[in-house]
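J.: Got a structure for you, questions after.
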Amino acid sequence: SSVNIASVNRAPGSRVGGGGLNFFRSGLKKAQATLERSVTTMAIRADGGKNPDWICASLHFVARENGDAVNAAMGMALGLGSTNANVGLKELVSDVCLARTEWLPLPTAAGSTPASPVGSGGRVDMSGIKFGIPLCVPDLAFLEAAAAGAVSAAGNIGPANSVGGVRLTVRLYLRSGATLLKAAANAGLKREYCVAESILQYSNVVGLALGMRNQQQQQQQQQPAPNEFLHSGIINLPFTSGMLAETSSFSSNNSTDNSKIDTPAALQIIATPRIKFNPPCTLGWSLTDPTTMAPTPPLSWLKMFQLPLDQGYVFSLDSSHEILNNAHNSTSQHPNQQFQRRPLQRAILLANERAVESAVVLPLATAVSSILSAAAIQSQQIAAISASRTFRRESIRTYAIAEDMEVGRANAIVDAALKDGCADVDVGVVALVILGVGAVMGGSLSSSGGLEGVPFVKTTMTFQRHDTIFEEALATGSAPMLDEPSGKAFIHNPSSGLGPKEAIKARFCPRILTGQPANDEDATLLPGVMGTKPDGKYVGNIRLEAIVRNTVNRSTSNLDIIDNCCDATSVYDVVAGVNPRIEGYFELEHYLNPQTNPTGGKIPVTVPAIDTATGQRMGSFLLLLRVKTPQVQIPLGNQSRIGEPLPPASSGLLSVVGMDAITDELGVCPYFDYDPPCTQNSVQDTSAAGIRRRQVATMGSFLTPQFLRYQADVVRNDAALELTNRHDKYNKSIASGLSSETDFDDEANVELFKRRNPKPFRPSNSRGDALLAGIGFNVHVQSLALNILQPDQSAIPAAICHSVTHGAPADHARGFGIQGNDGSRTFESVAEANAARGGLRRLEAKRAGIARELETYLSSLINSVGEYFKSRAQTAAVMQQAGLRPTRHVAPNISSISFYRNKTTECTQRLQALSWEIAVRRGNCFSQALGIAVTSYLTSISDGGPGWRGYANTWLRHGYLITFEGLLSAVGKELGMIEDASVAVEMLRMVHVVLVPDDGVSGTVNKNESSCRRIPVPHSPYVRWVHLAHLSKKGSGSKSMYRLEIGLNQSYYQSRVPEPLKGGAAVRFFPVLYQMGVDIRQWGVNAGRNVTSQIKERNKVGGVPSAELGDNSDAATEASSDFNGCGLIDDGDDDDEGGVADNEILMALNVEGFRKMNAYAHSVFPTTAGVTAATSPIAAFYPSEHAQLQPLPPHPILSSLSEAIKTSAGKMEHGVLDKSATACQRMGGGSTVFCKSGKDRTAMQVTFKQAQFLQRLMDKKPSTTLEDSQISYDDVFEHATLMRIHGTRVPICEKNAGEAKYAFNPLQAKFMPEMLKPPPITLAGFLKKPET
C-alpha cells in the first residue's frame, strides 16, 4: 500500500480566519523555547528569516506501540536477533523509519508562501501543506500474523486489531532553513525536530487502500477489472502527541472567545495500492515486464531479474479537467466508520513512476548470437578453404625451397608438395650457346676445357603459370656465353670434373592444374589455354632471358651485364648492328611423363634462344632438368578442405551484418567474403564492370597465403569461438531461469554492479566484458502512469508515458581503435593505424576510403599491364612469325607493374582485415540495439501505448518509428560510441517484427538448423519465445533482412494484440537517431578546446578563470583546488581518456535524422490534397534510397525541430532532443534515451520528458492535443527535480555503480543545459567512487 500525506488542514468545523496557520506560529514558539539552550538558536537568529523553515512527514515502526510478538517478528525480519522477546528486541527495533516524504517549506508568518524549493513536489498554500511524495507502507502481513498468533495464544480469539494489531507511527518533522544550520548538520548537530505524532493501524490502511469494491470482489473470488485495481480511500487522522496535538497551541492570541478556539491540526490521509508490480494489462504495465508473481520456489526468478523500481507522486488536478468531465463521480461509504471522510475539493493525480528490466533483452541477444556464431563459423570456413586453395595455387611460395637449404629439409618440403598434387621441378642453366664457329659474341673454352676468358651474361629464369598473367621469378645469375663448338664440348666433356655445371639453378613445386573446377577450385585457366595440353594437365612454362651489351674486351672483368630491369625498348648498338634481347621458352608439361626421364636424374635440355627483335634463332640455352610428379595420382577433391565446396558468403558474417563486400564489384580474388560470379554470366557480361572483372581474374590472388592463414586460423577462428561461447553461456543463463535444476554460476553474494554473468540486467561498468558485448546494458522500461483518484472510487486511467533507457549501443569491449594484427603489415604506418581509430561510422568511412584507394591502384595496374602488352606487341608478332606462341605473361621486373601490384595486394589485405573488424563490431552493436528496439516496440503495443491509439495501421504500412535520443559528447571515446550507435541504429531497418500466437512447440523449428531455434523468454506472462531468422534468399549485404517472430500467449494474442498486427503482419523498424552532447566535454568541443588541458593549464597558473565558469564561485573554487584538473570532468573510468573531437558529427547526424523523420512525417501525415496515410508513398528505409530522394520541405509538425537543428551548430541545443521526442510521440513512435552508461545524463533527460508529459496533461485544454499544450517550464523543472531526487533513477545509479548518486560534480553540472541540471543534493561530487 501507499499512504499519501495529502495535506495538513484545519480540523472540520474550524472557521476561516480563526487560526489556520496560527498553530505554526505557536508551535514554532514552543519549538524555539526548546532550542534556547542549543547553538541552533544563534543560527536561526543570524539567518533573520531569509530562508524558509521546512517540514516533512515520515512513517515509523515504533516498538513501544506494538506487542512483544510483533517486535520479535520485526527483529527477525531485520536480522537483529532471535524470536525470544526477552533479549532486548524492543530496544533493537525501538524506532524503524519505513518511509519519508520530501521536505516542503513552511508558509511565512504573514501568510505568504515562499518560493517552491528545488526538489519539492508538493504545494504549500493557505489551505494546508500537500506532500507530493507518498509514504510507502511495506507488506507487513507477517507482523499481522505474529499479532494474531499472540492473540490466539492468549486465548483471546478475534481480529488482530482488537488488541492492537500492528500499529504504525506517522510523524511530522521540522527543520530550520537557517544557513548556519546546514554546516551544523554536517558537523553532526541535530537540526530536525519531531513536532507531532499520529498512530495508524496497519490493517485499516490496507483496507482503506483496497476499498469496498475490491473487498467484495475478493469475497466473491473475482479479479478486479484492469482499470479498477487502483482504489483510494481517505481519512483524517488527529495527532496524538507532540506540540501540534495540544489544542491550546492553536488558539488565537488576540481573542478570549472560546468559540474561536481551533481544533488541532490533522493529517488528511489518502491510501491507495502501491504499484510496484503492475498487474498485467493495466496502465503502466509493459509486455516486456517480467511476471508480477514470482514462481514457487522463486529462486530462478531472482536469479534472472531485480525487483522493479517505483515511486509515486501526487499532484492536484482541477475538478474541471476534461478527463473528469465524463467520469462517474459517485461517493461510496467505507465499511470502517471510525474514520471521518472528507470529499476532496480537487481531484488527485497519482503519477506512478516505474523502471523495470526488460524480459526480452537476453533472449534476443541469444538469438542474435546464434546467427552471428553460425555466420562467423561459415566465414572462418570460407577463409580456411580459401587459404588452403591459395596455398596450393601459390605453391611456388607455399613450398619455397631456398638455394642453400639443407637437402633433408628440402626433400621434406618436396614430399609434402607431391602429396598436395604438385610437381617437383629442379632446373639449372648451364650456358648460352651462340650458333656458328667463332661467333661474334660467343667465347671458346680454354685448352683445358675451363671457362677462363669466356664472357658471362646475366640471365633470368621465370615461371609462367597458366592461371595468372604475372610471372614468378625463379633465379637470376650469370651464365657463360659460348660459341657452338665450345658449347658442345662443354656439355659432352668426358674429362673428370669438367662435366656440365649449372651456373643458375632453381627448385620449385608448381601446381598441376586440370582445367576442371572440381579439382582446380577457383584457379581459372587463362583464356586460350584450356584444351592446349593433350593429357589435360597444365603446369606452366619456364622463360629464360639474357640481354647482352657488347664490349671490345670480352674478359669477365670488363663485361657489362645488363640488369634484368631493362624494359623491351632498351636496345643498344653492337658490332652486329642491334644488341640482341635473347629469350627462350619451354613447356614443363612435356616432361611430366616419366618416360622422358627413365633414370630419374637430371637430363640435358636445349631451349632455342630467339632474338626478340628479329625472330631469328641466335643459339640455345643449355639446361639440366628434372621433373618429378606424384607416383600415385591423388584425387584432389578428397584432400582436406581443398575439394570442399565453398560455403555461400551470403550467409557469412559480413553479409549477415549488412555489409557489402566491395571487392566483388572489382573482381578481386580470392572470393573471400562474396560469392564468385557465374562463369557463363561473367563471359556474357559486356559491361565495363564485367570486362574489368575478367581482366582482374587473370591476375591471380591479391591476398597472400600468410594473410589468409592468419585470418582463418587466428582472427576469424577466435571470433567464431568467442561468439559460440557467448551463445552457449546465454543459452545456459536462460535455461537457469526456466529451471532451478540448471547449474549456472551463482553470483548471489556478489554485489550487483560487479556481476558478470549474462542476465537481462547488465550493469554499465561491465562495458569492457566481451562475453556480455551482445546484451544492451542498463536497459530499463521507464514509465510514468497517470491515474486520477477520487475518494472511495476506482482510479480513472489518464495517460502513460514510456521510454526505454539504456547505455550506448556500442562495442565497448573491443574499444575504439583497430590493430593491424593480420600476421603481416596491414597498415602503412602507425600513424595510419591511429587514423583508423574510432567507432563504426569512422571505421566504415575508412573502409570506403581504402576501397577507393584499392580501385585507384587496381585501375593503374590494369593500365600498366595494358601498356606493357602494347610495348610487347612487336615482340609478340616477331615470335609468332618465328613459329613460337606469343607470351601472355608479364615479366616480374616491370617496376610500374610491380609497384601497383604490391599496392593492390596491400590495400586488399587492409580492406579485408578492416572489414572483418567492422563486421564483428556491427554484430555486437546490432545485438544490443535490437533488444532495445524490440523492448520499445512491445511497450508501444502494451496498454495505453500508441498501438492502442490507432497507430498500428501506420506501423504496418510505414514502419514503426523509433527515435534514439543520445546525450554523448563528440570527443574521445564517447565520439566512438556515437559512431557505433549511429550504425547500430541504422541496422535496425533490416528487421521485420511479426507477432504470432504460440503453438506450444518449443525447441527448434528445424532440428537441422540451429539458427532457427526458438529462444524461450523466462518469466514473461505472455511472451513465450522469440525466433530470429536471417533471410539470405531475399538479399545479402546491405540488402539483408531479418524476420523476428515473437510468440505470444494465444489468449493474449487474440484479445490484446491490435487487429492490424495479427495474421502474420510484419512491421518494419524505422529507426532515427538524434544526438546532442550536454556536458562540459561537449562545451569544450563547441569552444574548440580540450577542456582537461585547459583546466590543468589554468590550475598551474592559479585556477580556472571565473569568467569561463560563470557565476558559480563554488565550482570555480573546487576546480582550482588540489585536484589539478584530474577527475573534474570525467566520471572515473578510462573511457574518458584522450581521443579526438569532431564538432561536425552531431550536426551531420541530426540532419540525417531529420531527413528520415521528415520523409516519414510526409508519408504518415501527407500534406498533398487527396492523399492519405493509406495511399501516400512509403518512406525510404535504406540510406542509399534517402540519398536519391529529392529533398522534401520540412513537414509542419517538424518545423520547430528544423529550426532547432539549424541553430544547433556549435551549441548545446537541448531543443533538438526535446522537439524530436515530441514529434515522435505525435506520430505514434517509440523513444529511447541513452548516454554512455544510461544512468546519469539519461536520468536527467528521461525525468525531463516525464515532467514535461505530466505538465502537458495537467495543463491540457479541450481544444488542444497533448503535444500542443502550453506549459510553464518552471513547473516542468520543479517536477523533474522531484523525480531526480526521489524517483527511480537514483536507485538505478546504485544498481550500476553501488552508489546512489549521479556521477556529476558541481563543475560538470554548471555546464549542462538548464533543464538537465541535476539537484546539488544528488551529486557524487569530486571524490566519488571509481565505479560511479
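Letters A, B, ... mark the chains of the C-alpha cells in the order given; residue numbers begin at 1 per chain; ligand numbers begin at 1, in order shown.
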Just want the 12 Å neighbourhood of stretch 730-742 of chain A, counted on only C-alpha atoms, with same-chain residues fewer than 4 positions away dropped. Output as a ChimeraX atom specification.
T.: /A:290,294-305,359-370,723-726,746,756-760,771-775,1003,1013-1020,1024-1025
J.: Pick out each residue of stretch 800-951 of chain A that DSSP on the backbone tags as helix (DSSP H, G or I); I need them as number ranges by chain.
T.: A: 830-835, 840-871, 873-881, 895-940, 946-948
J.: What are the DSSP strand (DSSP E) residues of stretch 950-1103 of chain A, as a PyMOL selection string?
T.: chain A and resi 960-966+991-997+1015-1016+1023-1030+1042-1048+1066-1075
J.: Would you write out, as a Markdown table, a table of all residues in stretch 919-991 of chain A that have an atom no more than 10 Å from an atom of stretch 834-854 of chain A, listing for each the closest atom pair and the distance in Å to one decimal, considering only C-alpha atoms and ordering rows by chain and rising residue number?
T.:
| residue | atom | partner | partner_atom | distance |
| --- | --- | --- | --- | --- |
| A:Ala919 | CA | A:Leu840 | CA | 9.4 |
| A:Arg921 | CA | A:Leu840 | CA | 7.4 |
| A:Arg922 | CA | A:Leu840 | CA | 7.3 |
| A:Cys925 | CA | A:Leu840 | CA | 9.3 |
| A:Gly972 | CA | A:Gly838 | CA | 8.7 |
| A:Lys973 | CA | A:Gly838 | CA | 7.4 |
| A:Glu974 | CA | A:Gly839 | CA | 9.1 |
| A:Leu975 | CA | A:Gly838 | CA | 7.3 |
| A:Gly976 | CA | A:Gly839 | CA | 4.0 |
| A:Met977 | CA | A:Gly839 | CA | 6.1 |
| A:Ile978 | CA | A:Gly839 | CA | 7.3 |
| A:Glu979 | CA | A:Arg841 | CA | 4.6 |
| A:Asp980 | CA | A:Leu840 | CA | 4.6 |
| A:Ala981 | CA | A:Leu840 | CA | 8.0 |
| A:Ser982 | CA | A:Arg841 | CA | 7.0 |
| A:Val983 | CA | A:Arg841 | CA | 6.3 |
| A:Ala984 | CA | A:Leu840 | CA | 8.6 |
J.: Excluding A:Cys422 and any residue of its chain fewer than 4 positions from it, enumerate the residues within 10 Å of it, using only C-alpha atoms, and give them as a short mmCIF file (atom, residue, chain, number, x, y, z; two decimals) with N, CA, C and O atoms, in the first residue's frame.
T.:
data_model
loop_
_atom_site.label_atom_id
_atom_site.label_comp_id
_atom_site.auth_asym_id
_atom_site.auth_seq_id
_atom_site.Cartn_x
_atom_site.Cartn_y
_atom_site.Cartn_z
N ARG A 392 47.76 -23.81 -52.19
CA ARG A 392 48.03 -24.73 -53.31
C ARG A 392 48.28 -23.96 -54.60
O ARG A 392 49.18 -24.29 -55.36
N ARG A 393 47.46 -22.94 -54.82
CA ARG A 393 47.63 -22.18 -56.06
C ARG A 393 48.96 -21.43 -56.05
O ARG A 393 49.62 -21.31 -57.08
N SER A 395 51.68 -22.41 -54.85
CA SER A 395 52.55 -23.48 -54.34
C SER A 395 54.03 -23.14 -54.44
O SER A 395 54.84 -23.63 -53.65
N ILE A 396 54.39 -22.29 -55.39
CA ILE A 396 55.81 -21.93 -55.52
C ILE A 396 56.27 -21.21 -54.26
O ILE A 396 57.39 -21.44 -53.77
N TYR A 399 55.60 -23.81 -51.01
CA TYR A 399 56.64 -24.83 -50.85
C TYR A 399 57.97 -24.28 -51.36
O TYR A 399 58.67 -24.92 -52.15
N VAL A 414 59.47 -31.03 -50.49
CA VAL A 414 59.07 -31.62 -51.77
C VAL A 414 58.08 -32.74 -51.56
O VAL A 414 57.09 -32.88 -52.29
N ASP A 415 58.32 -33.60 -50.59
CA ASP A 415 57.39 -34.70 -50.32
C ASP A 415 56.00 -34.17 -50.00
O ASP A 415 54.99 -34.71 -50.47
N ALA A 416 55.93 -33.10 -49.20
CA ALA A 416 54.63 -32.50 -48.88
C ALA A 416 53.97 -31.93 -50.12
O ALA A 416 52.75 -32.06 -50.30
N ALA A 417 54.77 -31.33 -50.99
CA ALA A 417 54.21 -30.76 -52.22
C ALA A 417 53.69 -31.84 -53.14
O ALA A 417 52.63 -31.70 -53.76
N LEU A 418 54.41 -32.92 -53.24
CA LEU A 418 53.96 -34.02 -54.10
C LEU A 418 52.65 -34.60 -53.60
O LEU A 418 51.76 -34.94 -54.39
N PHE A 508 61.58 -25.73 -57.46
CA PHE A 508 60.28 -25.22 -57.06
C PHE A 508 59.23 -26.30 -57.30
O PHE A 508 59.49 -27.31 -57.96
N CYS A 509 58.03 -26.05 -56.77
CA CYS A 509 56.96 -27.04 -56.82
C CYS A 509 55.70 -26.41 -57.41
O CYS A 509 54.84 -25.90 -56.66
N PRO A 510 55.55 -26.41 -58.71
CA PRO A 510 54.35 -25.83 -59.33
C PRO A 510 53.15 -26.76 -59.18
O PRO A 510 53.29 -27.97 -59.10
N ARG A 511 52.01 -26.15 -59.14
CA ARG A 511 50.77 -26.92 -59.03
C ARG A 511 50.37 -27.46 -60.39
O ARG A 511 50.52 -26.77 -61.41
N ILE A 512 49.87 -28.66 -60.42
CA ILE A 512 49.39 -29.28 -61.65
C ILE A 512 47.89 -29.02 -61.74
O ILE A 512 47.11 -29.53 -60.94
N LEU A 513 47.50 -28.20 -62.69
CA LEU A 513 46.09 -27.88 -62.91
C LEU A 513 45.49 -28.83 -63.92
O LEU A 513 46.18 -29.41 -64.76
N VAL A 539 50.83 -27.20 -66.22
CA VAL A 539 51.81 -26.82 -65.21
C VAL A 539 52.31 -25.42 -65.44
O VAL A 539 52.20 -24.54 -64.58
N LYS A 628 59.62 -34.22 -61.35
CA LYS A 628 59.10 -35.38 -60.64
C LYS A 628 57.64 -35.11 -60.29
O LYS A 628 57.29 -34.02 -59.82
N THR A 629 56.81 -36.11 -60.53
CA THR A 629 55.38 -35.99 -60.23
C THR A 629 54.98 -37.07 -59.23
O THR A 629 55.72 -38.04 -59.02
N PRO A 630 53.82 -36.90 -58.59
CA PRO A 630 53.38 -37.94 -57.65
C PRO A 630 53.29 -39.29 -58.33
O PRO A 630 52.78 -39.40 -59.45
#
J.: For A:Phe1234, work out the shell of residues within 6 Å, counting only C-alpha atoms and skipping chain neighbours fewer than 4 positions away, then give it as a ChimeraX atom specification.
T.: /A:805-808,966,1238,1242
J.: Mind dumping the selected residues with C-alpha atoms as a PDB file, in the first residue's frame?
T.:
ATOM      1  CA  THR A 805      16.616   3.932 -21.119  1.00  0.00           C
ATOM      2  CA  HIS A 806      19.944   2.253 -21.766  1.00  0.00           C
ATOM      3  CA  GLY A 807      23.654   2.681 -22.238  1.00  0.00           C
ATOM      4  CA  ALA A 808      25.147   3.473 -25.615  1.00  0.00           C
ATOM      5  CA  GLY A 966      21.664  10.311 -27.495  1.00  0.00           C
ATOM      6  CA  GLY A1238      22.481   5.030 -19.262  1.00  0.00           C
ATOM      7  CA  THR A1242      19.997   9.630 -19.261  1.00  0.00           C
TER       8      THR A1242
END
